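Novice: File follows, upload-v5.cif with mmCIF, C-alpha atoms and all ligand atoms:
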data_work
#
loop_
_atom_site.group_PDB
_atom_site.id
_atom_site.type_symbol
_atom_site.label_atom_id
_atom_site.label_comp_id
_atom_site.auth_asym_id
_atom_site.auth_seq_id
_atom_site.Cartn_x
_atom_site.Cartn_y
_atom_site.Cartn_z
ATOM 1 C CA MET A 13 44.143 0.361 51.349
ATOM 2 C CA LEU A 14 43.114 3.949 50.617
ATOM 3 C CA PHE A 15 39.679 2.919 49.336
ATOM 4 C CA ASP A 16 37.860 0.178 47.504
ATOM 5 C CA PHE A 17 39.600 0.210 44.145
ATOM 6 C CA SER A 18 36.887 -1.808 42.401
ATOM 7 C CA ASP A 19 34.419 1.118 42.631
ATOM 8 C CA PHE A 20 36.908 3.352 40.884
ATOM 9 C CA LYS A 21 37.780 0.805 38.243
ATOM 10 C CA SER A 22 34.127 0.718 37.118
ATOM 11 C CA ALA A 23 33.854 4.524 37.317
ATOM 12 C CA PHE A 24 37.061 4.777 35.266
ATOM 13 C CA ILE A 25 35.728 2.407 32.608
ATOM 14 C CA SER A 26 32.368 4.215 32.382
ATOM 15 C CA GLU A 27 34.097 7.658 32.477
ATOM 16 C CA ARG A 28 31.627 8.802 35.145
ATOM 17 C CA PRO A 29 32.548 10.851 38.225
ATOM 18 C CA HIS A 30 32.412 8.898 41.457
ATOM 19 C CA LEU A 31 32.313 10.180 45.049
ATOM 20 C CA VAL A 32 33.241 8.241 48.166
ATOM 21 C CA PRO A 33 31.842 10.495 50.938
ATOM 22 C CA GLN A 34 34.297 9.137 53.519
ATOM 23 C CA VAL A 35 37.398 7.017 52.985
ATOM 24 C CA ASN A 36 38.663 4.552 55.582
ATOM 25 C CA PRO A 37 39.191 6.703 58.735
ATOM 26 C CA GLY A 38 42.485 4.977 59.619
ATOM 27 C CA ILE A 39 43.938 5.790 56.232
ATOM 28 C CA PHE A 40 42.686 9.361 56.389
ATOM 29 C CA ARG A 41 44.329 9.756 59.809
ATOM 30 C CA ALA A 42 47.596 8.369 58.414
ATOM 31 C CA LEU A 43 47.499 11.018 55.724
ATOM 32 C CA LYS A 44 46.645 13.838 58.099
ATOM 33 C CA ASN A 45 49.520 12.680 60.309
ATOM 34 C CA LEU A 46 51.985 13.416 57.546
ATOM 35 C CA PRO A 47 53.471 16.629 58.952
ATOM 36 C CA PHE A 48 53.130 18.564 55.680
ATOM 37 C CA LEU A 49 49.417 17.698 55.321
ATOM 38 C CA ASP A 50 48.435 18.892 58.771
ATOM 39 C CA SER A 51 47.705 22.482 57.697
ATOM 40 C CA LEU A 52 48.672 25.059 55.091
ATOM 41 C CA GLU A 53 51.184 26.548 57.539
ATOM 42 C CA SER A 54 52.864 23.131 58.043
ATOM 43 C CA LEU A 55 52.906 22.549 54.303
ATOM 44 C CA LEU A 56 54.601 25.901 53.706
ATOM 45 C CA GLY A 57 57.094 25.046 56.471
ATOM 46 C CA HIS A 58 58.092 21.819 54.669
ATOM 47 C CA TRP A 59 57.970 23.081 51.092
ATOM 48 C CA GLU A 60 61.260 23.952 49.378
ATOM 49 C CA GLY A 61 60.157 24.118 45.736
ATOM 50 C CA SER A 62 58.127 26.697 43.890
ATOM 51 C CA ILE A 63 54.394 27.189 44.434
ATOM 52 C CA GLN A 64 51.914 28.171 41.734
ATOM 53 C CA VAL A 65 49.611 31.100 42.592
ATOM 54 C CA HIS A 66 46.316 31.323 40.687
ATOM 55 C CA LEU A 67 45.651 34.943 39.870
ATOM 56 C CA PRO A 68 42.208 36.413 40.519
ATOM 57 C CA ASP A 69 41.443 37.405 36.886
ATOM 58 C CA LEU A 70 40.843 33.813 35.747
ATOM 59 C CA ARG A 71 40.977 31.729 38.941
ATOM 60 C CA ASP A 72 42.766 29.114 36.864
ATOM 61 C CA GLU A 73 46.149 27.595 36.110
ATOM 62 C CA ALA A 74 45.977 29.430 32.788
ATOM 63 C CA SER A 75 46.702 32.660 34.687
ATOM 64 C CA SER A 76 49.294 32.045 37.364
ATOM 65 C CA LEU A 77 52.680 33.009 38.722
ATOM 66 C CA ASP A 78 55.311 31.075 40.657
ATOM 67 C CA THR A 79 56.337 32.013 44.154
ATOM 68 C CA ASP A 80 58.072 30.436 47.164
ATOM 69 C CA ALA A 81 56.887 29.323 50.597
ATOM 70 C CA GLU A 82 57.883 32.632 52.177
ATOM 71 C CA ARG A 83 55.700 34.779 49.913
ATOM 72 C CA ALA A 84 52.850 32.331 49.267
ATOM 73 C CA LEU A 85 50.881 33.127 52.409
ATOM 74 C CA SER A 86 50.405 36.776 51.476
ATOM 75 C CA PHE A 87 48.937 35.780 48.071
ATOM 76 C CA TYR A 88 46.685 33.315 49.877
ATOM 77 C CA ALA A 89 45.572 36.014 52.347
ATOM 78 C CA GLN A 90 44.548 38.128 49.344
ATOM 79 C CA GLY A 91 42.210 35.345 48.193
ATOM 80 C CA MET A 92 44.405 33.506 45.684
ATOM 81 C CA GLY A 93 44.583 29.714 45.455
ATOM 82 C CA LEU A 94 47.930 27.899 45.730
ATOM 83 C CA LEU A 95 49.091 24.753 43.924
ATOM 84 C CA PHE A 96 51.920 22.553 45.222
ATOM 85 C CA ASN A 97 53.162 20.199 42.503
ATOM 86 C CA ASP A 98 54.817 16.762 42.894
ATOM 87 C CA ALA A 99 54.019 16.537 46.611
ATOM 88 C CA HIS A 100 54.640 12.749 46.596
ATOM 89 C CA VAL A 101 58.384 13.414 46.762
ATOM 90 C CA LEU A 102 57.806 14.345 50.420
ATOM 91 C CA SER A 103 56.418 10.921 51.354
ATOM 92 C CA PRO A 104 57.295 7.390 50.126
ATOM 93 C CA MET A 105 53.788 6.321 51.256
ATOM 94 C CA LEU A 106 52.214 8.632 48.669
ATOM 95 C CA GLY A 107 54.503 7.191 45.990
ATOM 96 C CA VAL A 108 53.313 3.665 46.823
ATOM 97 C CA TRP A 109 49.645 4.715 46.738
ATOM 98 C CA LEU A 110 50.157 6.348 43.367
ATOM 99 C CA GLN A 111 51.531 3.076 41.989
ATOM 100 C CA ASP A 112 48.719 1.025 43.587
ATOM 101 C CA LEU A 113 46.051 3.318 42.218
ATOM 102 C CA ARG A 114 47.632 3.425 38.773
ATOM 103 C CA LYS A 115 47.667 -0.384 38.624
ATOM 104 C CA ALA A 116 44.116 -0.624 40.010
ATOM 105 C CA ILE A 117 42.632 1.457 37.220
ATOM 106 C CA GLY A 118 44.761 -0.420 34.731
ATOM 107 C CA VAL A 119 46.706 2.262 32.878
ATOM 108 C CA SER A 120 50.203 1.919 31.429
ATOM 109 C CA ALA A 121 53.398 1.710 33.465
ATOM 110 C CA LEU A 122 54.535 4.688 31.357
ATOM 111 C CA THR A 123 51.917 6.833 33.151
ATOM 112 C CA TYR A 124 53.169 9.972 34.881
ATOM 113 C CA GLY A 125 51.552 9.868 38.348
ATOM 114 C CA ARG A 126 52.011 12.573 40.968
ATOM 115 C CA ASN A 127 50.362 14.268 43.924
ATOM 116 C CA LEU A 128 49.215 17.865 43.766
ATOM 117 C CA ILE A 129 48.017 19.835 46.778
ATOM 118 C CA TYR A 130 45.523 22.650 46.318
ATOM 119 C CA ALA A 131 45.088 25.295 49.040
ATOM 120 C CA THR A 132 41.959 27.315 48.295
ATOM 121 C CA PRO A 133 40.777 30.296 50.347
ATOM 122 C CA HIS A 134 37.138 30.532 51.425
ATOM 123 C CA GLY A 135 34.835 31.504 48.547
ATOM 124 C CA GLN A 136 37.481 30.829 45.878
ATOM 125 C CA GLY A 137 37.903 27.946 43.448
ATOM 126 C CA THR A 138 38.692 27.175 39.840
ATOM 127 C CA ALA A 139 36.955 28.415 36.710
ATOM 128 C CA ALA A 140 35.285 25.842 34.424
ATOM 129 C CA HIS A 141 37.861 23.812 32.503
ATOM 130 C CA PHE A 142 38.888 20.296 31.575
ATOM 131 C CA ASP A 143 42.183 18.469 31.976
ATOM 132 C CA GLN A 144 43.816 15.717 29.966
ATOM 133 C CA ASN A 145 44.616 14.002 33.276
ATOM 134 C CA ILE A 146 42.809 11.374 35.312
ATOM 135 C CA ASN A 147 42.213 12.827 38.759
ATOM 136 C CA PHE A 148 41.359 11.563 42.235
ATOM 137 C CA VAL A 149 40.750 14.321 44.780
ATOM 138 C CA LEU A 150 40.963 13.701 48.517
ATOM 139 C CA GLN A 151 39.605 16.560 50.616
ATOM 140 C CA LEU A 152 41.783 17.206 53.675
ATOM 141 C CA LYS A 153 40.285 20.371 55.136
ATOM 142 C CA GLY A 154 37.280 22.649 54.524
ATOM 143 C CA ILE A 155 34.433 21.970 52.105
ATOM 144 C CA LYS A 156 34.863 22.003 48.329
ATOM 145 C CA ARG A 157 31.875 22.037 45.993
ATOM 146 C CA TRP A 158 32.507 20.559 42.577
ATOM 147 C CA LYS A 159 30.459 20.735 39.419
ATOM 148 C CA ILE A 160 31.275 18.111 36.803
ATOM 149 C CA ALA A 161 29.776 17.653 33.337
ATOM 150 C CA THR A 162 30.505 15.135 30.614
ATOM 151 C CA ASN A 163 32.457 16.735 27.809
ATOM 152 C CA HIS A 164 30.265 16.378 24.711
ATOM 153 C CA HIS A 165 32.346 18.978 22.864
ATOM 154 C CA LEU A 166 35.647 17.130 22.694
ATOM 155 C CA LEU A 167 36.378 13.481 23.302
ATOM 156 C CA ASN A 168 39.760 12.467 24.765
ATOM 157 C CA PRO A 169 41.563 15.854 24.792
ATOM 158 C CA LEU A 170 45.364 15.768 24.893
ATOM 159 C CA THR A 171 45.761 19.084 26.744
ATOM 160 C CA ARG A 172 43.737 21.100 29.259
ATOM 161 C CA HIS A 173 41.414 23.934 28.296
ATOM 162 C CA THR A 174 39.755 26.698 30.309
ATOM 163 C CA MET A 175 36.313 27.862 29.196
ATOM 164 C CA GLY A 176 36.457 31.219 27.440
ATOM 165 C CA GLN A 177 40.185 30.987 26.693
ATOM 166 C CA PRO A 178 41.738 30.398 23.253
ATOM 167 C CA VAL A 179 42.060 26.764 22.147
ATOM 168 C CA ASP A 180 45.692 25.682 21.788
ATOM 169 C CA PRO A 181 46.961 25.198 18.213
ATOM 170 C CA GLU A 182 47.161 21.402 18.323
ATOM 171 C CA MET A 183 43.717 21.046 19.902
ATOM 172 C CA SER A 184 42.209 23.225 17.193
ATOM 173 C CA THR A 185 43.298 20.566 14.638
ATOM 174 C CA TYR A 186 40.976 17.947 16.185
ATOM 175 C CA LEU A 187 38.215 20.138 17.647
ATOM 176 C CA GLU A 188 34.966 19.655 15.709
ATOM 177 C CA THR A 189 32.480 21.663 17.805
ATOM 178 C CA PRO A 190 32.855 25.196 19.212
ATOM 179 C CA MET A 191 33.661 25.265 22.927
ATOM 180 C CA PRO A 192 30.856 26.306 25.317
ATOM 181 C CA THR A 193 30.953 29.572 27.258
ATOM 182 C CA GLN A 194 29.277 28.215 30.398
ATOM 183 C CA MET A 195 29.038 24.939 32.286
ATOM 184 C CA PRO A 196 26.688 22.508 30.511
ATOM 185 C CA GLY A 197 23.188 22.353 32.042
ATOM 186 C CA ASP A 198 23.556 18.662 32.903
ATOM 187 C CA ALA A 199 26.509 19.268 35.265
ATOM 188 C CA GLU A 200 26.350 17.210 38.477
ATOM 189 C CA SER A 201 27.197 18.675 41.902
ATOM 190 C CA PHE A 202 29.426 17.012 44.490
ATOM 191 C CA GLU A 203 30.244 18.203 47.988
ATOM 192 C CA LEU A 204 33.596 17.151 49.393
ATOM 193 C CA ARG A 205 34.216 17.262 53.135
ATOM 194 C CA PRO A 206 37.391 16.205 54.949
ATOM 195 C CA GLY A 207 37.881 12.520 54.086
ATOM 196 C CA SER A 208 35.795 12.615 50.872
ATOM 197 C CA LEU A 209 37.342 11.241 47.704
ATOM 198 C CA LEU A 210 36.188 12.174 44.216
ATOM 199 C CA TYR A 211 37.113 10.619 40.891
ATOM 200 C CA VAL A 212 37.167 13.202 38.087
ATOM 201 C CA PRO A 213 37.220 11.562 34.643
ATOM 202 C CA ARG A 214 39.782 12.702 32.120
ATOM 203 C CA GLY A 215 38.448 15.488 29.899
ATOM 204 C CA SER A 216 35.286 16.208 31.917
ATOM 205 C CA TRP A 217 34.275 19.856 32.437
ATOM 206 C CA HIS A 218 34.625 20.937 36.068
ATOM 207 C CA SER A 219 34.613 23.973 38.330
ATOM 208 C CA THR A 220 35.032 24.271 42.103
ATOM 209 C CA GLU A 221 34.301 26.563 45.013
ATOM 210 C CA ALA A 222 35.577 26.339 48.589
ATOM 211 C CA GLU A 223 33.595 26.891 51.750
ATOM 212 C CA GLY A 224 36.036 27.653 54.523
ATOM 213 C CA ASP A 225 39.752 27.455 53.834
ATOM 214 C CA ALA A 226 40.208 24.235 51.887
ATOM 215 C CA LEU A 227 43.107 21.852 51.412
ATOM 216 C CA ALA A 228 42.911 18.959 48.955
ATOM 217 C CA LEU A 229 45.355 16.231 47.919
ATOM 218 C CA ASN A 230 45.097 15.116 44.295
ATOM 219 C CA PHE A 231 46.320 11.832 42.829
ATOM 220 C CA THR A 232 46.854 12.882 39.229
ATOM 221 C CA PHE A 233 47.740 10.612 36.311
ATOM 222 C CA THR A 234 48.830 11.544 32.822
ATOM 223 C CA ALA A 235 48.408 8.201 31.108
ATOM 224 C CA PRO A 236 49.697 7.378 27.627
ATOM 225 C CA THR A 237 47.182 7.137 24.814
ATOM 226 C CA TRP A 238 47.393 4.488 22.088
ATOM 227 C CA ILE A 239 49.274 7.129 20.089
ATOM 228 C CA ASP A 240 51.918 7.355 22.817
ATOM 229 C CA LEU A 241 52.348 3.587 23.111
ATOM 230 C CA LEU A 242 52.665 3.162 19.359
ATOM 231 C CA THR A 243 55.114 6.030 18.916
ATOM 232 C CA ALA A 244 57.219 4.739 21.862
ATOM 233 C CA ALA A 245 57.329 1.285 20.255
ATOM 234 C CA LEU A 246 58.016 2.720 16.824
ATOM 235 C CA ARG A 247 60.926 4.748 18.098
ATOM 236 C CA GLY A 248 62.265 1.745 20.024
ATOM 237 C CA ARG A 249 62.187 -0.279 16.816
ATOM 238 C CA LEU A 250 63.636 2.365 14.504
ATOM 239 C CA ILE A 251 66.570 3.386 16.694
ATOM 240 C CA THR A 252 68.125 -0.053 16.088
ATOM 241 C CA SER A 253 68.537 0.945 12.407
ATOM 242 C CA PRO A 254 71.560 3.062 11.366
ATOM 243 C CA GLU A 255 69.617 4.205 8.272
ATOM 244 C CA TRP A 256 66.736 5.574 10.353
ATOM 245 C CA ARG A 257 69.239 7.202 12.729
ATOM 246 C CA GLU A 258 70.781 9.164 9.867
ATOM 247 C CA THR A 259 70.307 12.952 9.923
ATOM 248 C CA ALA A 260 67.371 13.688 7.617
ATOM 249 C CA ASP A 261 68.765 15.416 4.505
ATOM 250 C CA LEU A 262 65.203 15.800 3.115
ATOM 251 C CA SER A 263 65.790 13.376 0.200
ATOM 252 C CA GLU A 264 62.353 12.011 -0.752
ATOM 253 C CA ASP A 265 63.890 8.896 -2.339
ATOM 254 C CA LYS A 266 65.712 7.905 0.827
ATOM 255 C CA PHE A 267 62.666 8.596 2.976
ATOM 256 C CA ASP A 268 60.443 6.538 0.651
ATOM 257 C CA ALA A 269 62.912 3.635 0.870
ATOM 258 C CA LEU A 270 62.830 3.781 4.667
ATOM 259 C CA LEU A 271 59.019 3.949 4.688
ATOM 260 C CA GLY A 272 58.930 0.998 2.259
ATOM 261 C CA GLY A 273 60.962 -1.065 4.743
ATOM 262 C CA LEU A 274 58.679 -0.041 7.601
ATOM 263 C CA ILE A 275 55.561 -0.999 5.619
ATOM 264 C CA GLN A 276 57.029 -4.505 5.213
ATOM 265 C CA ASP A 277 57.641 -4.718 8.947
ATOM 266 C CA VAL A 278 54.335 -3.351 10.330
ATOM 267 C CA PRO A 279 51.992 -6.233 9.331
ATOM 268 C CA ALA A 280 53.864 -8.474 11.790
ATOM 269 C CA TRP A 281 53.335 -6.107 14.744
ATOM 270 C CA ARG A 282 51.101 -7.355 17.541
ATOM 271 C CA ALA A 283 49.720 -5.526 20.561
ATOM 272 C CA LYS A 284 51.060 -8.131 22.979
ATOM 273 C CA ASP A 285 54.641 -7.668 21.759
ATOM 274 C CA ILE A 286 54.454 -3.878 22.039
ATOM 275 C CA LEU A 287 52.834 -3.973 25.490
ATOM 276 C CA ALA A 288 55.408 -6.518 26.671
ATOM 277 C CA VAL A 289 58.035 -3.866 25.990
ATOM 278 C CA THR A 290 56.244 -0.695 27.217
ATOM 279 C CA GLU A 291 54.946 -2.307 30.410
ATOM 280 C CA ALA A 292 57.775 -4.675 31.422
ATOM 281 C CA PHE A 293 60.654 -2.224 31.156
ATOM 282 C CA HIS A 294 59.001 0.444 33.237
ATOM 283 C CA ASP A 295 56.865 -1.428 35.756
ATOM 284 C CA GLN A 296 58.284 -1.883 39.235
HETATM 285 FE FE FE B 1 41.139 20.523 36.838
#
Output the structure of this file as structure tokens.
Specialist:
Amino acid sequence: MLFDFSDFKSAFISERPHLVPQVNPGIFRALKNLPFLDSLESLLGHWEGSIQVHLPDLRDEASSLDTDAERALSFYAQGMGLLFNDAHVLSPMLGVWLQDLRKAIGVSALTYGRNLIYATPHGQGTAAHFDQNINFVLQLKGIKRWKIATNHHLLNPLTRHTMGQPVDPEMSTYLETPMPTQMPGDAESFELRPGSLLYVPRGSWHSTEAEGDALALNFTFTAPTWIDLLTAALRGRLITSPEWRETADLSEDKFDALLGGLIQDVPAWRAKDILAVTEAFHDQ
């Protein structure tokens, strides 16, 4: 087992960051023994896909370019961080841990779980931002200092946002308070060393800085909201109807008739029936 899941379940429920200074050494060794996690050079040697380079203007995913393993090292040598997406495809063991962790925190089987690897040069890191994802960060190499603050500006964001950047159009429809321009004063500090594991709650403000060249493996989950589960169920229900499948010709009468039928149907809906469908079909 990668770590004691029960600690993370309570941290997940309370939406508080949680640091395990050192995970089980045997498990950490097993990870480090994966040839692509041994060093940045090994990772580049195994990597066939594209690699995201974080440009120095923002030090954030919001300002990046894509490159390949051959060119990535020269960007890194110039002080730019690298992001390797979907790293679990390189190891079935990582895929199993993603499933175990997803089940342990109790989110839907429709969750998109994946591993990301961040290579961060000494003195670099990410600008303050929040993500819509649930994140677990395992430090493999170097020291990474994290600052994390509860997001009092926006509860349950559906997309990420970098401080000082424009708010995306959808987010602006549910944002009630202006975004801050600096990390909130109540931010907590966490120091990750090789073998440390940090839980970063969805939506929390965070920024990072590396001491020494740093490599970190993230277990990242984009979990469905209630909106997603309901719309998945709604679609599943409606596609059985030829009338709902009709191309919309913008007739208000027809649409009202369809909505009238749906209104009759909805009072009988129960959470357990919907969850039986969303969870059973996709869980393995
Ligand atoms: Fe982040």
Novice: Please list as a PyMOL selection string every residue within 12 Å of Asp69 of chain A, counting all atoms listed in the file and excluding residues in the same chain fewer than 3 positions away.
Specialist: chain A and resi 65-66+72-76+91-93+136+138-139
Novice: Tell me, in Å to one decimal, how far atom CA of Ala121 of chain A is from atom CA of Ile251 of chain A.
Specialist: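 According to the coordinates, atom CA of Ala121 of chain A and atom CA of Ile251 of chain A are separated by 21.4 Å.
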Novice: Determine, for each residue of segment 92-199 of chain A having at least one atom at most 10 Å from an atom of segment 214-222 of chain A, the closest pair of atoms and their separation in Å to one decimal, counting all atoms listed in the file; order by chain and ascending number, as a Markdown table.
Specialist:
| residue | atom | partner | partner_atom | distance |
| --- | --- | --- | --- | --- |
| A:Ala131 | CA | A:Ala222 | CA | 9.6 |
| A:Thr132 | CA | A:Ala222 | CA | 6.5 |
| A:Pro133 | CA | A:Ala222 | CA | 6.8 |
| A:His134 | CA | A:Ala222 | CA | 5.3 |
| A:Gly135 | CA | A:Ala222 | CA | 5.2 |
| A:Gln136 | CA | A:Glu221 | CA | 5.4 |
| A:Gly137 | CA | A:Glu221 | CA | 4.2 |
| A:Thr138 | CA | A:Thr220 | CA | 5.2 |
| A:Ala139 | CA | A:Ser219 | CA | 5.3 |
| A:Ala140 | CA | A:Ser219 | CA | 4.4 |
| A:His141 | CA | A:Trp217 | CA | 5.3 |
| A:Phe142 | CA | A:Trp217 | CA | 4.7 |
| A:Asp143 | CA | A:Gly215 | CA | 5.2 |
| A:Gln144 | CA | A:Gly215 | CA | 5.4 |
| A:Asn145 | CA | A:Arg214 | CA | 5.1 |
| A:Ile146 | CA | A:Arg214 | CA | 4.6 |
| A:Asn147 | CA | A:Arg214 | CA | 7.1 |
| A:Gly154 | CA | A:Ala222 | CA | 7.2 |
| A:Ile155 | CA | A:Ala222 | CA | 5.7 |
| A:Lys156 | CA | A:Ala222 | CA | 4.4 |
| A:Arg157 | CA | A:Glu221 | CA | 5.2 |
| A:Trp158 | CA | A:Thr220 | CA | 4.5 |
| A:Lys159 | CA | A:His218 | CA | 5.4 |
| A:Ile160 | CA | A:His218 | CA | 4.4 |
| A:Ala161 | CA | A:Trp217 | CA | 5.1 |
| A:Thr162 | CA | A:Ser216 | CA | 5.1 |
| A:Asn163 | CA | A:Ser216 | CA | 5.0 |
| A:His164 | CA | A:Ser216 | CA | 8.8 |
| A:His165 | CA | A:Trp217 | CA | 9.8 |
| A:Leu166 | CA | A:Gly215 | CA | 7.9 |
| A:Leu167 | CA | A:Gly215 | CA | 7.2 |
| A:Asn168 | CA | A:Gly215 | CA | 6.1 |
| A:Pro169 | CA | A:Gly215 | CA | 6.0 |
| A:Leu170 | CA | A:Gly215 | CA | 8.5 |
| A:Thr171 | CA | A:Gly215 | CA | 8.7 |
| A:Arg172 | CA | A:Gly215 | CA | 7.7 |
| A:His173 | CA | A:Gly215 | CA | 9.1 |
| A:Thr174 | CA | A:Trp217 | CA | 9.0 |
| A:Met175 | CA | A:Trp217 | CA | 8.9 |
| A:Gln194 | CA | A:Trp217 | CA | 10.0 |
| A:Met195 | CA | A:Trp217 | CA | 7.3 |
| A:Pro196 | CA | A:Trp217 | CA | 8.3 |
| A:Ala199 | CA | A:Trp217 | CA | 8.3 |
Novice: Would you pick out the contacts of Phe233 of chain A at 12 Å or less, using only C-alpha atoms, so that residues sharing its chain but fewer than 5 positions from it are not included, and give the list as a VMD selection string?
Specialist: chain A and resid 98 110 to 111 113 to 115 117 to 128 143 to 149 211 to 214
Novice: I need the residue nearest ligand FE 1 (chain B) from this list: A:Asp261, A:Ser103, A:Arg71, A:Leu271. Use all atoms listed in the file for the distance.
Specialist: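 Of the candidates, the smallest distance to ligand FE 1 (chain B) is held by A:Arg71.
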Novice: Taking the file as shown, find all residues satisfying the PyMOL selection byres (((chain A and resi 30) around 6) and not hetatm) and write them as a PyMOL selection string.
Specialist: chain A and resi 29+31+210-211
Novice: Select, from A:Trp59, A:Phe40, A:Tyr130, A:Trp238, the residue with the minimum atom-to-atom distance to ligand FE 1 (chain B), counting all atoms listed in the file.
Specialist: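 Residue with the minimum atom-to-atom distance to ligand FE 1 (chain B): A:Tyr130.
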Novice: Report, in Å with one decimal, the straight-line distance from atom CA of Gln64 of chain A to atom FE of ligand FE 1 (chain B).
Specialist: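 Those two atoms sit 14.1 Å apart.
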Novice: Find the axis-aligned box for segment 181-200 of chain A, covering all its listed atoms and adding 8 Å on each side, and write its centre and edge lengths in Å to one decimal as JSON.
Specialist:
{"center_x": 35.2, "center_y": 23.4, "center_z": 26.6, "size_x": 40.0, "size_y": 28.4, "size_z": 39.8}
Novice: Step by step, work through what the PyMOL selection byres (((chain A and resi 34) around 9) and not hetatm) selects in the shown file, and finish by giving those residues as a PDB file with C-alpha atoms, in the coordinates of the input.
Specialist:
ATOM      1  CA  LEU A  31      32.313  10.180  45.049  1.00  0.00           C
ATOM      2  CA  VAL A  32      33.241   8.241  48.166  1.00  0.00           C
ATOM      3  CA  PRO A  33      31.842  10.495  50.938  1.00  0.00           C
ATOM      4  CA  VAL A  35      37.398   7.017  52.985  1.00  0.00           C
ATOM      5  CA  ASN A  36      38.663   4.552  55.582  1.00  0.00           C
ATOM      6  CA  PRO A  37      39.191   6.703  58.735  1.00  0.00           C
ATOM      7  CA  PHE A  40      42.686   9.361  56.389  1.00  0.00           C
ATOM      8  CA  ARG A 205      34.216  17.262  53.135  1.00  0.00           C
ATOM      9  CA  PRO A 206      37.391  16.205  54.949  1.00  0.00           C
ATOM     10  CA  GLY A 207      37.881  12.520  54.086  1.00  0.00           C
ATOM     11  CA  SER A 208      35.795  12.615  50.872  1.00  0.00           C
ATOM     12  CA  LEU A 209      37.342  11.241  47.704  1.00  0.00           C
TER      13      LEU A 209
END
Novice: I'd like the interatomic distance between atom CA of Ser201 of chain A and atom CA of Gln151 of chain A, to a tenth of an Å.
Specialist: 15.3 Å
Novice: Smallest atom-to-atom distance to ligand FE 1 (chain B): which of A:Met105, A:Asp268, A:Ala280, A:Leu95, using all atoms listed in the file?
Specialist: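 Closest candidate: A:Leu95.
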Novice: Given the file above and the PyMOL selection byres (((chain A and resi 291) around 12) and not hetatm), which residues are selected, and can you give them as a JSON list (two decimals) with C-alpha atoms, keeping the file's coordinate frame?
Specialist:
[["chain", "number", "residue", "atom", "x", "y", "z"],
["A", 115, "LYS", "CA", 47.67, -0.38, 38.62],
["A", 118, "GLY", "CA", 44.76, -0.42, 34.73],
["A", 119, "VAL", "CA", 46.71, 2.26, 32.88],
["A", 120, "SER", "CA", 50.20, 1.92, 31.43],
["A", 121, "ALA", "CA", 53.40, 1.71, 33.47],
["A", 122, "LEU", "CA", 54.54, 4.69, 31.36],
["A", 123, "THR", "CA", 51.92, 6.83, 33.15],
["A", 236, "PRO", "CA", 49.70, 7.38, 27.63],
["A", 241, "LEU", "CA", 52.35, 3.59, 23.11],
["A", 244, "ALA", "CA", 57.22, 4.74, 21.86],
["A", 245, "ALA", "CA", 57.33, 1.28, 20.26],
["A", 283, "ALA", "CA", 49.72, -5.53, 20.56],
["A", 284, "LYS", "CA", 51.06, -8.13, 22.98],
["A", 285, "ASP", "CA", 54.64, -7.67, 21.76],
["A", 286, "ILE", "CA", 54.45, -3.88, 22.04],
["A", 287, "LEU", "CA", 52.83, -3.97, 25.49],
["A", 288, "ALA", "CA", 55.41, -6.52, 26.67],
["A", 289, "VAL", "CA", 58.04, -3.87, 25.99],
["A", 290, "THR", "CA", 56.24, -0.70, 27.22],
["A", 292, "ALA", "CA", 57.78, -4.68, 31.42],
["A", 293, "PHE", "CA", 60.65, -2.22, 31.16],
["A", 294, "HIS", "CA", 59.00, 0.44, 33.24],
["A", 295, "ASP", "CA", 56.86, -1.43, 35.76],
["A", 296, "GLN", "CA", 58.28, -1.88, 39.24]]
Novice: Restricting the calculation to all atoms listed in the file, which member of A:Thr79, A:Gly272, A:Thr232, A:Pro104 is positioned closest to ligand FE 1 (chain B)?
Specialist: A:Thr232
Novice: Smallest atom-to-atom distance to Glu255 of chain A: which of A:Leu56, A:Gly38, A:Ala269, A:Met191, using all atoms listed in the file?
Specialist: A:Ala269
Novice: Which one of A:Pro190, A:Arg257, A:Asp78, A:Phe231 sits closest to ligand FE 1 (chain B) if you count only C-alpha atoms and all ligand atoms?
Specialist: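 Of A:Pro190, A:Arg257, A:Asp78, A:Phe231, the one nearest ligand FE 1 (chain B) is A:Phe231, counting only C-alpha atoms and all ligand atoms.
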Novice: Fewer than 2 positions away in the same chain doesn't count, so skip those; otherwise give me all residues within 12 Å of Leu270 of chain A, counting all atoms listed in the file, as a ChimeraX atom specification.
Specialist: /A:250,253-258,260,263-268,272-277
